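Structure file entry_33.txt; described as compact mmCIF, C-alpha atoms.
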# COMPACT_ATOMS: atom_id res chain seq x y z
CA MET A 1 8.23 -243.67 44.59
CA LYS A 2 8.51 -240.61 42.54
CA LYS A 3 8.54 -237.39 44.52
CA VAL A 4 6.56 -234.58 43.09
CA THR A 5 7.46 -231.10 44.08
CA GLU A 6 4.82 -228.44 43.43
CA GLY A 7 6.29 -225.21 42.06
CA HIS A 8 5.01 -221.68 42.66
CA ILE A 9 5.14 -219.00 40.02
CA ILE A 10 5.89 -215.80 41.77
CA LYS A 11 4.39 -212.85 39.92
CA PRO A 12 5.83 -209.39 40.42
CA THR A 13 3.94 -206.96 42.62
CA PRO A 14 1.10 -205.33 40.66
CA LEU A 15 1.81 -201.97 39.14
CA GLU A 16 0.57 -198.88 40.80
CA THR A 17 -1.35 -197.00 38.15
CA MET A 18 -3.02 -193.69 37.90
CA PHE A 19 -5.66 -193.01 35.28
CA SER A 20 -7.39 -189.70 34.87
CA MET A 21 -9.19 -187.65 32.30
CA LYS A 22 -8.11 -184.05 31.99
CA GLU A 23 -10.75 -181.57 30.90
CA LEU A 24 -9.00 -178.87 28.95
CA TYR A 25 -10.24 -175.54 27.59
CA GLY A 26 -13.83 -176.09 28.57
CA THR A 27 -16.18 -178.19 30.63
CA LEU A 28 -18.53 -181.09 30.14
CA SER A 29 -21.50 -178.86 30.81
CA GLN A 30 -22.53 -176.04 28.54
CA LYS A 31 -24.99 -173.24 28.84
CA TYR A 32 -27.18 -171.93 26.12
CA ASP A 33 -28.25 -168.32 26.18
CA ALA A 34 -31.75 -168.78 24.83
CA ILE A 35 -32.32 -165.07 24.46
CA ASN A 36 -29.38 -164.37 22.23
CA GLY A 37 -29.08 -167.86 20.77
CA LEU A 38 -25.50 -168.26 21.97
CA TYR A 39 -23.66 -171.19 23.49
CA ILE A 40 -21.44 -170.48 26.46
CA ALA A 41 -18.88 -171.47 25.41
CA ASP A 42 -19.47 -172.32 21.80
CA ARG A 43 -17.42 -175.45 21.09
CA THR A 44 -17.62 -174.85 17.37
CA LEU A 45 -15.49 -171.75 18.02
CA THR A 46 -13.40 -172.83 20.98
CA PRO A 47 -13.35 -176.64 21.15
CA PHE A 48 -13.26 -178.62 24.37
CA VAL A 49 -10.54 -181.20 24.87
CA LEU A 50 -10.50 -184.37 26.94
CA LYS A 51 -7.09 -185.82 27.51
CA PRO A 52 -6.58 -189.27 29.09
CA GLU A 53 -3.53 -189.67 31.27
CA PHE A 54 -2.19 -192.99 32.39
CA SER A 55 0.93 -193.39 34.46
CA VAL A 56 2.48 -196.34 36.17
CA SER A 57 4.77 -196.87 39.07
CA ASP A 58 6.55 -200.17 39.44
CA ILE A 59 8.03 -200.75 42.85
CA THR A 60 9.94 -203.75 41.49
CA GLY A 61 11.72 -201.46 39.09
CA MET A 62 11.17 -203.85 36.20
CA ILE A 63 9.68 -201.12 34.09
CA PRO A 64 10.44 -197.46 34.43
CA ASN A 65 7.92 -195.29 36.18
CA GLY A 66 6.21 -192.65 34.09
CA ASP A 67 3.52 -191.80 31.61
CA TYR A 68 2.23 -194.72 29.58
CA THR A 69 -0.73 -193.08 27.87
CA ALA A 70 0.78 -193.74 24.47
CA GLN A 71 1.00 -197.44 25.34
CA LEU A 72 -2.69 -197.81 26.01
CA ILE A 73 -4.36 -200.21 23.63
CA ASN A 74 -7.91 -200.96 22.55
CA CYS A 75 -8.72 -197.31 23.13
CA VAL A 76 -12.33 -196.51 22.37
CA TRP A 77 -14.07 -193.20 22.67
CA THR A 78 -17.86 -193.16 22.66
CA VAL A 79 -19.78 -189.93 22.31
CA LYS A 80 -23.54 -190.07 22.74
CA CYS A 81 -25.46 -186.83 22.47
CA LYS A 82 -27.70 -184.84 20.20
CA VAL A 83 -26.21 -182.31 17.82
CA LYS A 84 -28.92 -180.57 15.86
CA GLY A 85 -31.06 -183.60 16.46
CA ASN A 86 -28.52 -186.12 15.25
CA ALA A 87 -25.72 -188.21 16.67
CA PRO A 88 -22.33 -186.51 16.53
CA VAL A 89 -20.13 -187.39 13.60
CA ALA A 90 -16.56 -188.54 14.20
CA GLY A 91 -14.04 -186.40 12.37
CA LYS A 92 -16.47 -183.48 12.22
CA ASP A 93 -18.12 -183.06 15.57
CA TYR A 94 -15.28 -184.64 17.45
CA VAL A 95 -11.74 -185.57 16.54
CA ILE A 96 -9.55 -188.19 18.19
CA ASN A 97 -5.79 -187.93 18.24
CA GLU A 98 -4.62 -191.50 17.87
CA LYS A 99 -1.23 -190.80 19.35
CA THR A 100 -2.28 -189.06 22.51
CA TRP A 101 -5.89 -190.33 22.57
CA GLU A 102 -7.06 -186.80 23.16
CA LEU A 103 -10.58 -186.13 22.05
CA THR A 104 -11.45 -182.68 20.77
CA LEU A 105 -15.16 -181.95 20.98
CA LYS A 106 -16.14 -179.40 18.35
CA CYS A 107 -19.89 -179.52 18.64
CA ASN A 108 -22.57 -178.08 20.89
CA LEU A 109 -25.24 -180.20 22.44
CA ASP A 110 -28.79 -179.33 21.61
CA PRO A 111 -30.17 -177.04 24.33
CA ASP A 112 -31.66 -178.79 27.33
CA THR A 113 -30.27 -182.17 26.41
CA SER A 114 -27.68 -184.32 28.06
CA GLY A 115 -25.31 -186.90 26.73
CA GLU A 116 -22.56 -189.24 27.65
CA ILE A 117 -18.97 -189.51 26.73
CA SER A 118 -16.78 -192.43 27.66
CA PHE A 119 -13.31 -193.74 27.12
CA SER A 120 -12.07 -197.27 27.62
CA ALA A 121 -8.55 -198.59 27.19
CA ASP A 122 -6.37 -201.50 28.16
CA PHE A 123 -2.83 -201.65 29.37
CA ILE A 124 -0.80 -204.83 29.30
CA ASP A 125 1.35 -205.36 32.33
CA SER A 126 3.95 -207.39 30.51
CA ARG A 127 5.65 -208.43 33.74
CA ARG A 128 2.61 -210.27 34.94
CA GLY A 129 0.75 -210.76 31.68
CA ASP A 130 -2.22 -208.90 33.14
CA VAL A 131 -4.58 -206.76 31.14
CA LEU A 132 -5.44 -203.66 33.08
CA LYS A 133 -8.74 -202.22 31.96
CA ARG A 134 -9.42 -198.56 32.46
CA TYR A 135 -12.67 -196.74 31.92
CA TRP A 136 -13.86 -193.17 32.24
CA ARG A 137 -17.29 -191.77 31.74
CA GLY A 138 -18.54 -188.22 31.77
CA GLU A 139 -21.90 -186.62 31.43
CA LEU A 140 -22.41 -183.95 28.87
CA SER A 141 -25.13 -181.43 29.34
CA CYS A 142 -26.44 -178.25 27.90
CA LEU A 143 -28.81 -176.11 29.89
CA SER A 144 -30.80 -173.27 28.46
CA GLU A 145 -30.47 -170.19 30.49
CA THR A 146 -32.91 -167.38 30.32
CA GLN A 147 -32.48 -164.66 32.85
CA TRP A 148 -35.02 -161.98 32.25
CA ARG A 149 -34.23 -158.42 33.15
CA VAL A 150 -36.32 -156.95 30.41
CA SER A 151 -36.70 -153.29 29.77
CA LEU A 152 -37.84 -151.17 26.88
CA ARG A 153 -35.29 -148.54 26.10
CA THR A 154 -35.73 -145.39 24.11
CA GLU A 155 -33.93 -142.13 23.81
CA TRP A 156 -37.01 -140.49 22.37
CA PRO A 157 -38.61 -138.07 24.87
CA GLN A 158 -41.99 -139.02 26.20
CA ARG A 159 -43.38 -135.68 25.15
CA THR A 160 -42.39 -134.14 21.85
CA ASN A 161 -43.39 -130.64 20.89
CA LEU A 162 -43.68 -130.49 17.16
CA ILE A 163 -43.09 -126.93 16.13
CA PRO A 164 -44.83 -126.40 12.80
CA TRP A 165 -42.11 -124.25 11.22
CA LYS A 166 -39.43 -126.75 12.20
CA ASN A 167 -40.94 -129.53 10.17
CA ARG A 168 -39.45 -132.96 10.71
CA GLY A 169 -41.42 -134.43 7.82
CA VAL A 170 -41.61 -138.20 8.29
CA PHE A 171 -39.70 -139.27 11.37
CA SER A 172 -39.21 -142.44 13.34
CA ILE A 173 -39.56 -143.14 17.02
CA PRO A 174 -37.23 -145.99 17.85
CA VAL A 175 -37.39 -148.24 20.89
CA GLN A 176 -35.35 -151.29 21.81
CA LEU A 177 -36.24 -154.24 23.96
CA MET A 178 -33.35 -155.09 26.26
CA ASN A 179 -32.52 -157.93 28.56
CA GLY A 180 -30.09 -156.54 31.07
CA ASP A 181 -27.71 -154.51 28.97
CA GLN A 182 -28.10 -156.71 25.91
CA LYS A 183 -30.39 -155.91 23.02
CA LEU A 184 -32.96 -158.61 22.48
CA PRO A 185 -32.76 -159.77 18.87
CA ASP A 186 -35.65 -158.62 16.72
CA SER A 187 -36.38 -162.23 15.85
CA SER A 188 -37.11 -162.97 19.53
CA SER A 189 -39.04 -159.81 20.25
CA VAL A 190 -42.55 -158.59 19.63
CA TYR A 191 -43.33 -154.90 19.21
CA LYS A 192 -46.79 -153.48 18.91
CA TRP A 193 -47.75 -149.82 18.67
CA GLN A 194 -51.15 -148.42 19.57
CA VAL A 195 -52.79 -145.02 19.68
CA PHE A 196 -54.87 -143.52 22.48
CA GLU A 197 -58.22 -142.23 21.34
CA ASN A 198 -61.58 -141.71 23.05
CA GLU A 199 -60.20 -142.75 26.43
CA LYS A 200 -58.85 -146.05 25.23
CA TRP A 201 -55.99 -147.63 23.35
CA ARG A 202 -56.72 -148.93 19.90
CA GLU A 203 -54.91 -150.44 16.95
CA ILE A 204 -53.32 -148.07 14.48
CA ASP A 205 -54.81 -148.30 11.04
CA ASN A 206 -54.28 -146.76 7.66
CA MET A 207 -56.93 -144.14 8.32
CA ASP A 208 -54.54 -142.60 10.84
CA LEU A 209 -53.06 -140.16 8.38
CA TRP A 210 -50.05 -139.44 10.57
CA TYR A 211 -49.02 -143.10 10.44
CA ARG A 212 -46.49 -144.16 7.86
CA GLU A 213 -45.11 -147.58 8.82
CA GLY A 214 -43.69 -149.77 11.56
CA LYS A 215 -46.64 -150.41 13.86
CA ASN A 216 -45.34 -153.94 14.45
CA VAL A 217 -41.63 -153.27 14.60
CA LYS A 218 -39.35 -151.39 16.93
CA ALA A 219 -39.45 -148.05 15.14
CA ILE A 220 -42.67 -146.44 14.08
CA SER A 221 -42.67 -143.78 11.38
CA VAL A 222 -45.07 -140.89 11.54
CA GLU A 223 -45.54 -137.68 9.59
CA GLN A 224 -45.54 -134.40 11.42
CA LYS A 225 -47.94 -132.46 9.22
CA TYR A 226 -50.82 -134.70 10.25
CA ILE A 227 -50.10 -134.61 13.96
CA GLN A 228 -52.20 -132.35 16.14
CA SER A 229 -51.95 -134.38 19.31
CA VAL A 230 -51.19 -138.07 19.14
CA THR A 231 -50.51 -140.32 22.08
CA LEU A 232 -48.79 -143.52 21.14
CA ARG A 233 -47.59 -146.43 23.12
CA CYS A 234 -45.27 -149.21 22.27
CA MET A 235 -45.84 -152.56 23.90
CA ALA A 236 -42.98 -155.01 23.62
CA TRP A 237 -42.16 -158.39 25.04
CA PRO A 238 -39.86 -161.34 24.42
CA LYS A 239 -41.56 -163.67 21.96
CA ASP A 240 -41.61 -166.57 24.39
CA ASN A 241 -42.37 -164.64 27.54
CA THR A 242 -45.40 -162.41 27.43
CA LEU A 243 -45.13 -161.88 31.18
CA GLU A 244 -42.22 -159.56 30.50
CA LEU A 245 -44.44 -157.08 28.66
CA GLN A 246 -42.96 -153.59 28.68
CA VAL A 247 -44.77 -150.41 27.72
CA VAL A 248 -43.65 -146.92 26.91
CA ALA A 249 -45.89 -144.05 25.84
CA PHE A 250 -45.16 -140.99 23.74
CA LEU A 251 -47.10 -137.78 23.33
CA LEU A 252 -46.59 -135.97 20.05
CA LYS A 253 -48.13 -132.53 20.06
CA ARG A 254 -48.28 -129.70 17.57
CA TYR A 255 -46.80 -126.83 19.52
CA TYR A 256 -46.43 -123.13 18.80
CA GLY A 257 -44.71 -122.01 21.96
CA TYR A 258 -44.23 -118.31 22.51
CA TYR A 259 -44.57 -115.98 19.58
CA GLU A 260 -45.76 -112.48 18.81
CA ASP A 261 -47.46 -111.13 15.77
CA ASP A 262 -46.30 -107.88 14.30
CA LEU A 263 -47.67 -105.51 11.70
CA ASN A 264 -45.88 -102.81 9.81
CA ILE A 265 -47.45 -100.28 7.53
CA ILE A 266 -44.91 -100.16 4.81
CA GLU A 267 -46.71 -97.76 2.56
CA GLY A 268 -49.26 -95.04 3.22
CA ALA A 269 -48.87 -94.64 6.94
CA TYR A 270 -49.30 -90.96 6.41
CA ILE A 271 -51.69 -89.75 3.82
CA PHE A 272 -50.39 -87.22 1.38
CA PRO A 273 -52.24 -85.91 -1.65
CA GLU A 274 -50.28 -88.26 -3.86
CA THR A 275 -50.67 -91.30 -1.61
CA GLY A 276 -52.50 -93.86 -3.73
CA ARG A 277 -52.60 -96.81 -1.40
CA ALA A 278 -51.69 -98.13 2.00
CA VAL A 279 -49.89 -101.44 2.46
CA ALA A 280 -49.29 -103.39 5.64
CA GLU A 281 -47.18 -106.45 6.16
CA ALA A 282 -47.78 -108.92 8.94
CA SER A 283 -45.18 -111.16 10.46
CA VAL A 284 -44.77 -113.51 13.36
CA ILE A 285 -41.76 -113.33 15.62
CA THR A 286 -40.50 -116.12 17.81
CA ARG A 287 -39.16 -115.83 21.34
CA ASN A 288 -35.62 -115.35 20.11
CA GLY A 289 -36.68 -112.51 17.83
CA GLY A 290 -36.53 -114.40 14.57
CA HIS A 291 -39.21 -113.92 11.94
CA ILE A 292 -40.98 -117.11 10.94
CA ALA A 293 -40.58 -117.51 7.23
CA ASN A 294 -43.80 -118.20 5.32
CA ALA A 295 -45.79 -117.58 8.48
CA GLU A 296 -49.04 -117.92 6.55
CA GLN A 297 -48.30 -121.66 6.24
CA TYR A 298 -48.61 -122.05 10.00
CA PHE A 299 -50.99 -119.27 10.96
CA ASP A 300 -54.25 -117.99 9.71
CA ILE A 301 -53.35 -114.32 9.33
CA GLU A 302 -56.08 -111.84 8.61
CA ILE A 303 -55.29 -108.21 7.91
CA LEU A 304 -57.90 -105.66 8.81
CA TYR A 305 -58.21 -102.00 8.05
CA SER A 306 -59.93 -99.17 9.84
CA ARG A 307 -60.57 -95.64 8.71
CA GLY A 308 -60.53 -94.58 12.35
CA ASP A 309 -64.28 -94.68 12.68
CA GLY A 310 -64.28 -97.78 14.88
CA GLN A 311 -65.18 -100.08 12.05
CA TRP A 312 -62.75 -102.74 10.80
CA TRP A 313 -62.70 -104.04 7.26
CA HIS A 314 -61.27 -107.32 6.14
CA VAL A 315 -58.47 -106.62 3.71
CA ALA A 316 -56.60 -109.83 3.17
CA HIS A 317 -55.71 -113.28 4.36
CA GLY A 318 -51.96 -113.61 4.40
CA THR A 319 -49.03 -111.48 5.32
CA ARG A 320 -49.75 -108.56 3.05
CA GLY A 321 -52.76 -106.28 3.03
CA GLU A 322 -53.41 -103.38 0.71
CA VAL A 323 -56.09 -100.72 0.53
CA THR A 324 -56.57 -98.18 -2.21
CA ARG A 325 -57.13 -94.51 -1.67
CA SER A 326 -60.85 -94.91 -2.23
CA MET A 327 -61.00 -96.64 1.18
CA PHE A 328 -59.12 -93.93 3.03
CA PRO A 329 -61.00 -91.79 5.58
CA ILE A 330 -63.04 -89.05 4.03
CA ASP A 331 -62.53 -86.97 7.12
CA SER A 332 -58.87 -86.01 7.03
CA THR A 333 -58.78 -85.55 10.76
CA MET A 334 -59.23 -89.27 11.18
CA THR A 335 -56.27 -91.64 11.26
CA HIS A 336 -56.42 -94.89 9.42
CA SER A 337 -54.83 -98.05 10.74
CA PHE A 338 -54.23 -101.71 10.07
CA ALA A 339 -54.58 -104.62 12.44
CA GLU A 340 -53.89 -108.28 12.16
CA GLN A 341 -55.44 -111.29 13.69
CA THR A 342 -53.13 -114.24 13.88
CA ARG A 343 -54.55 -117.63 14.71
CA GLU A 344 -52.70 -120.90 15.01
CA LEU A 345 -53.62 -123.53 12.47
CA THR A 346 -54.34 -127.13 13.19
CA ALA A 347 -52.35 -129.91 11.60
CA GLU A 348 -53.74 -131.34 8.37
CA ILE A 349 -56.93 -132.97 9.52
CA PRO A 350 -59.24 -135.08 7.41
CA ILE A 351 -62.43 -133.52 6.23
CA THR A 352 -65.41 -135.67 7.03
CA VAL A 353 -68.88 -135.85 5.59
CA ASP A 354 -71.43 -137.61 7.78
CA GLY A 355 -68.60 -139.07 9.81
CA SER A 356 -66.74 -140.48 6.79
CA TYR A 357 -63.57 -139.16 5.27
CA LEU A 358 -64.04 -137.14 2.14
CA LEU A 359 -62.11 -138.81 -0.66
CA ILE A 360 -61.11 -137.60 -4.06
CA ASP A 361 -59.53 -140.22 -6.30
CA GLY A 362 -59.11 -142.38 -3.22
CA GLN A 363 -57.15 -139.71 -1.41
CA VAL A 364 -58.34 -138.37 1.91
CA ILE A 365 -58.97 -134.67 1.69
CA THR A 366 -57.46 -132.71 4.53
CA GLY A 367 -57.42 -129.15 5.66
CA GLN A 368 -55.90 -126.87 8.25
CA PHE A 369 -58.17 -124.72 10.33
CA PRO A 370 -57.67 -121.99 12.92
CA ILE A 371 -57.85 -123.41 16.40
CA ILE A 372 -59.86 -120.47 17.75
CA ASP A 373 -62.81 -118.59 16.40
CA ARG A 374 -62.39 -115.30 14.62
CA ASP A 375 -62.52 -112.48 17.14
CA ILE A 376 -63.60 -109.28 15.49
CA MET B 1 -21.72 -159.17 30.80
CA ILE B 2 -18.13 -160.33 30.42
CA PRO B 3 -17.09 -160.43 26.77
CA MET B 4 -16.88 -164.04 25.70
CA TYR B 5 -14.28 -164.08 22.96
CA TYR B 6 -10.85 -162.60 22.39
CA ILE B 7 -8.26 -162.65 19.68
CA ILE B 8 -5.02 -163.22 21.51
CA PRO B 9 -1.51 -162.81 20.19
CA ALA B 10 0.32 -166.01 19.30
CA ALA B 11 2.74 -165.39 22.17
CA ILE B 12 -0.05 -165.67 24.73
CA ALA B 13 -1.52 -168.72 22.99
CA LYS B 14 1.85 -170.39 23.30
CA LYS B 15 2.20 -169.50 26.96
CA LEU B 16 -1.23 -170.99 27.59
CA ALA B 17 -0.45 -173.98 25.36
CA ILE B 18 -3.72 -173.57 23.54
CA ALA B 19 -2.51 -172.74 20.03
CA GLU B 20 -3.00 -176.35 18.99
CA TYR B 21 -6.63 -176.30 20.09
CA ARG B 22 -7.71 -172.88 18.94
CA TYR B 23 -8.46 -171.40 15.54
CA GLY B 24 -5.96 -168.89 14.27
CA ASN B 25 -2.32 -168.58 13.33
CA GLU B 26 0.86 -166.75 14.22
CA THR B 27 -0.12 -163.71 12.20
CA ASP B 28 -3.81 -163.34 12.95
CA GLY B 29 -3.56 -164.50 16.54
CA TYR B 30 -5.82 -167.10 18.06
CA LEU B 31 -9.45 -167.17 19.04
CA ALA B 32 -9.80 -167.73 22.77
CA ASN B 33 -12.71 -167.62 25.14
CA CYS B 34 -12.83 -165.94 28.52
CA GLY B 35 -12.34 -169.31 30.23
CA ASP B 36 -9.03 -169.75 28.42
CA LEU B 37 -7.84 -166.45 29.85
CA ALA B 38 -9.22 -166.91 33.34
CA GLY B 39 -5.94 -168.06 34.80
CA TYR B 40 -3.80 -165.68 32.78
CA GLY B 41 -5.90 -162.64 33.46
CA ILE B 42 -8.00 -160.86 30.90
CA GLU B 43 -6.54 -157.46 31.82
CA GLN B 44 -3.06 -158.88 31.48
CA ALA B 45 -3.90 -160.42 28.11
CA ILE B 46 -5.39 -157.14 26.87
CA SER B 47 -2.29 -155.27 27.98
CA GLU B 48 -0.31 -157.70 25.83
CA GLY B 49 -2.40 -157.17 22.75
CA ALA B 50 -5.48 -159.34 23.17
CA ARG B 51 -8.67 -157.74 22.01
CA GLU B 52 -12.25 -158.58 22.78
CA ILE B 53 -14.59 -159.41 19.94
CA THR B 54 -18.27 -160.13 19.62
CA ALA B 55 -19.69 -163.60 19.12
CA ALA B 56 -20.45 -162.69 15.50
CA GLU B 57 -16.85 -161.61 14.95
CA ALA B 58 -15.67 -164.82 16.58
CA VAL B 59 -17.74 -166.86 14.12
CA LYS B 60 -16.28 -164.90 11.23
CA PHE B 61 -12.77 -165.38 12.52
CA ALA B 62 -13.18 -169.10 13.17
CA HIS B 63 -14.69 -169.71 9.76
CA LYS B 64 -11.45 -168.67 8.13
CA TYR B 65 -9.88 -171.75 9.66
CA ILE B 66 -12.68 -174.30 9.75

Spell out the structure here as structure tokens.
Amino acid sequence: MKKVTEGHIIKPTPLETMFSMKELYGTLSQKYDAINGLYIADRTLTPFVLKPEFSVSDITGMIPNGDYTAQLINCVWTVKCKVKGNAPVAGKDYVINEKTWELTLKCNLDPDTSGEISFSADFIDSRRGDVLKRYWRGELSCLSETQWRVSLRTEWPQRTNLIPWKNRGVFSIPVQLMNGDQKLPDSSSVYKWQVFENEKWREIDNMDLWYREGKNVKAISVEQKYIQSVTLRCMAWPKDNTLELQVVAFLLKRYYGYYEDDLNIIEGAYIFPETGRAVAEASVITRNGGHIANAEQYFDIEILYSRGDGQWWHVAHGTRGEVTRSMFPIDSTMTHSFAEQTRELTAEIPITVDGSYLLIDGQVITGQFPIIDRDI
Amino acid sequence: MIPMYYIIPAAIAKKLAIAEYRYGNETDGYLANCGDLAGYGIEQAISEGAREITAAEAVKFAHKYI
């Protein structure tokens, strides 16, 4: 009888392996700053790297211990996510190093989307003929982040005194919508300017002669010569968050401040036989003692003359008044004198007829008028 | 807000072993983000010649190499 002996194949002890995925220079999750339209971090600028690491330890000593990443086979990376609405493109949106099996992710996920990235590889344990399968999976995500700390910033004072003889011409009042200490981009902001009139806010229109441009942007332009007293407000909010409405108001006021009028008789103060006329010059002096040039542009100046009999005669409108000898006092014991009446002028205001603006060739006719009545 | 991007000298990029993964070169330096410098220290990097740049400048810099 034939004796059969059953043999046993003794396989070496399985390898001890360690497989990991190193996340380098970034993370699987991204943030998207929805206010400024920025990715944090932007992988198109600073790519994110995933690096597989596979090491073995053989207690039998048949193969040396160490890193065997380069010996991985059947390596497959799979990237599933949305990049501008499409699937990522190998070689452009991500690059695989076929020596190290590193994957460099150079794309950003669409905001508020998630994705998946996976890596699978095999390692052949040649001692035992085993195929060791290794798999890693990660979740990609991109979360929009909108932290609102909205404010409306301006360096323009809330009250501006517009001194007529320091004419600013057309000037702009700038504001800026901020979120925290960052300027909100104009493309994500809404600005709207209004004017206060008859106890309520209303839209600015082209009949507001002081308005030049910018009622829907962050700097409004206005023209000083038409401003008597204008109260404006700017309302601003992030385009996609009206709850963060911010408002700032500005008062623009024609302002004369402190001044004094002055009159000098420059000719004919004393009457001699040969004195043919008397001339007076009016001027307006500011607080610091300076004479306002062309004062008649800002003041209604009336020069009056008296023969000393208590009666005043209108001589001129303007800064110079002249009387001829024929007006002098007949009674030589009487002293003649000049006086001036200086009245502030309004800004250029439209002239209306029956409540409508008076137009000539389509242009609104304006005028400047003394703000107080003549006091003679 | 912490500035996001920096141009770092090549020497720092080498120390951090990121030159291979970042746009730039030996002469221009390399574009890094604040996460890259977290371990090294932003102050330290700045003292060694790193400079902060805006996101727009970072895009401009990167586009020279993309």

Cut-off 10 Å: closest chain B/chain A atom pairs per residue, using all atoms listed in the file, as a tab-separated table:
residue	atom	partner	partner_atom	distance
B:Met1	CA	A:Asp181	CA	7.8
B:Met4	CA	A:Ala41	CA	7.7
B:Tyr5	CA	A:Thr46	CA	9.0
B:Ile18	CA	A:Tyr25	CA	7.9
B:Tyr21	CA	A:Pro47	CA	6.8
B:Arg22	CA	A:Thr46	CA	6.0
B:Tyr23	CA	A:Leu45	CA	7.5
B:Tyr30	CA	A:Thr46	CA	9.9
B:Leu31	CA	A:Thr46	CA	7.2
B:Ala32	CA	A:Thr46	CA	6.5
B:Asn33	CA	A:Thr46	CA	6.7
B:Cys34	CA	A:Ala41	CA	8.8
B:Gly35	CA	A:Tyr25	CA	7.1
B:Asp36	CA	A:Tyr25	CA	6.0
B:Leu37	CA	A:Tyr25	CA	9.7
B:Ala55	CA	A:Leu38	CA	8.0
B:Ala56	CA	A:Leu38	CA	9.9
B:Ala58	CA	A:Leu45	CA	7.1
B:Val59	CA	A:Leu45	CA	6.6
B:Lys60	CA	A:Leu45	CA	9.7
B:Phe61	CA	A:Leu45	CA	8.8
B:Ala62	CA	A:Leu45	CA	6.0
B:His63	CA	A:Leu45	CA	8.5
B:Ile66	CA	A:Thr44	CA	9.1

Separation of CA of Lys22 (chain A) from CA of Glu26 (chain B) in Å: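 Between these atoms lies a distance of 26.4 Å.
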
Thr60 (chain A) environment, 12 Å, all atoms listed in the file, sequence neighbours closer than 4 positions dropped, as number ranges by chain: A: 11-16, 56, 64-65, 127-128

Selected residue, from B:Arg51, B:Lys64, B:Ala45, B:Gly39, that lies nearest to Ile12 (chain B) when counting only C-alpha atoms: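 Among the listed residues, B:Ala45 lies closest to Ile12 (chain B).
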
All residues 10 Å or closer to region 185-193 of chain A, all atoms listed in the file, same chain fewer than 3 positions away omitted, as an mmCIF file with C-alpha atoms, keeping the file's coordinate frame:
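Result file follows (result_13.cif):
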data_model
loop_
_atom_site.group_PDB
_atom_site.id
_atom_site.type_symbol
_atom_site.label_atom_id
_atom_site.label_comp_id
_atom_site.auth_asym_id
_atom_site.auth_seq_id
_atom_site.Cartn_x
_atom_site.Cartn_y
_atom_site.Cartn_z
ATOM 1 C CA ALA A 34 -31.750 -168.780 24.830
ATOM 2 C CA ILE A 35 -32.320 -165.070 24.460
ATOM 3 C CA ASN A 36 -29.380 -164.370 22.230
ATOM 4 C CA GLY A 37 -29.080 -167.860 20.770
ATOM 5 C CA VAL A 175 -37.390 -148.240 20.890
ATOM 6 C CA GLN A 176 -35.350 -151.290 21.810
ATOM 7 C CA LEU A 177 -36.240 -154.240 23.960
ATOM 8 C CA MET A 178 -33.350 -155.090 26.260
ATOM 9 C CA ASN A 179 -32.520 -157.930 28.560
ATOM 10 C CA GLN A 182 -28.100 -156.710 25.910
ATOM 11 C CA TRP A 201 -55.990 -147.630 23.350
ATOM 12 C CA ARG A 202 -56.720 -148.930 19.900
ATOM 13 C CA GLU A 203 -54.910 -150.440 16.950
ATOM 14 C CA ILE A 204 -53.320 -148.070 14.480
ATOM 15 C CA GLY A 214 -43.690 -149.770 11.560
ATOM 16 C CA LYS A 215 -46.640 -150.410 13.860
ATOM 17 C CA ASN A 216 -45.340 -153.940 14.450
ATOM 18 C CA VAL A 217 -41.630 -153.270 14.600
ATOM 19 C CA LYS A 218 -39.350 -151.390 16.930
ATOM 20 C CA ALA A 219 -39.450 -148.050 15.140
ATOM 21 C CA ILE A 220 -42.670 -146.440 14.080
ATOM 22 C CA LEU A 232 -48.790 -143.520 21.140
ATOM 23 C CA ARG A 233 -47.590 -146.430 23.120
ATOM 24 C CA CYS A 234 -45.270 -149.210 22.270
ATOM 25 C CA MET A 235 -45.840 -152.560 23.900
ATOM 26 C CA ALA A 236 -42.980 -155.010 23.620
ATOM 27 C CA TRP A 237 -42.160 -158.390 25.040
ATOM 28 C CA PRO A 238 -39.860 -161.340 24.420
ATOM 29 C CA LYS A 239 -41.560 -163.670 21.960
ATOM 30 C CA ASP A 240 -41.610 -166.570 24.390
ATOM 31 C CA ASN A 241 -42.370 -164.640 27.540
ATOM 32 C CA THR A 242 -45.400 -162.410 27.430
ATOM 33 C CA LEU A 245 -44.440 -157.080 28.660
ATOM 34 C CA GLN A 246 -42.960 -153.590 28.680
ATOM 35 C CA VAL A 247 -44.770 -150.410 27.720
ATOM 36 C CA VAL A 248 -43.650 -146.920 26.910
ATOM 37 C CA ALA A 249 -45.890 -144.050 25.840
#

Length of the CA of Ser144 (chain A) to CA of Asp93 (chain A) vector [Å]: 20.6 Å

One-decimal distance in Å that lies between CA of Gly138 (chain A) and CA of Lys80 (chain A):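 About the pair CA of Lys80 (chain A) and CA of Gly138 (chain A): they are 10.5 Å apart.
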
Residues near Glu52 (chain B), cut-off 9 Å, only C-alpha atoms, skip fewer than 6 positions along chain, as a list of chain:residue names: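 Close residues of Glu52 (chain B): B:Pro3, B:Met4, B:Tyr5, B:Tyr6, B:Ile7, B:Ile8, B:Ile46.
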
Among listed residues A:Ala347, A:Leu209, A:Leu263, A:Leu109, nearest Gln30 (chain A) (using all atoms listed in the file):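 Smallest distance to Gln30 (chain A) is found for A:Leu109.
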
Find the residues around Met21 (chain A) up to 8 Å (all atoms listed in the file counted), leave out those fewer than 6 positions away in its own chain, and share them as a tab-separated table (two decimals) with C-alpha atoms, keeping the file's coordinate frame.
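Wrote result-v4.tsv, looks like this:
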chain	number	residue	atom	x	y	z
A	50	LEU	CA	-10.50	-184.37	26.94
A	51	LYS	CA	-7.09	-185.82	27.51
A	52	PRO	CA	-6.58	-189.27	29.09
A	53	GLU	CA	-3.53	-189.67	31.27
A	136	TRP	CA	-13.86	-193.17	32.24
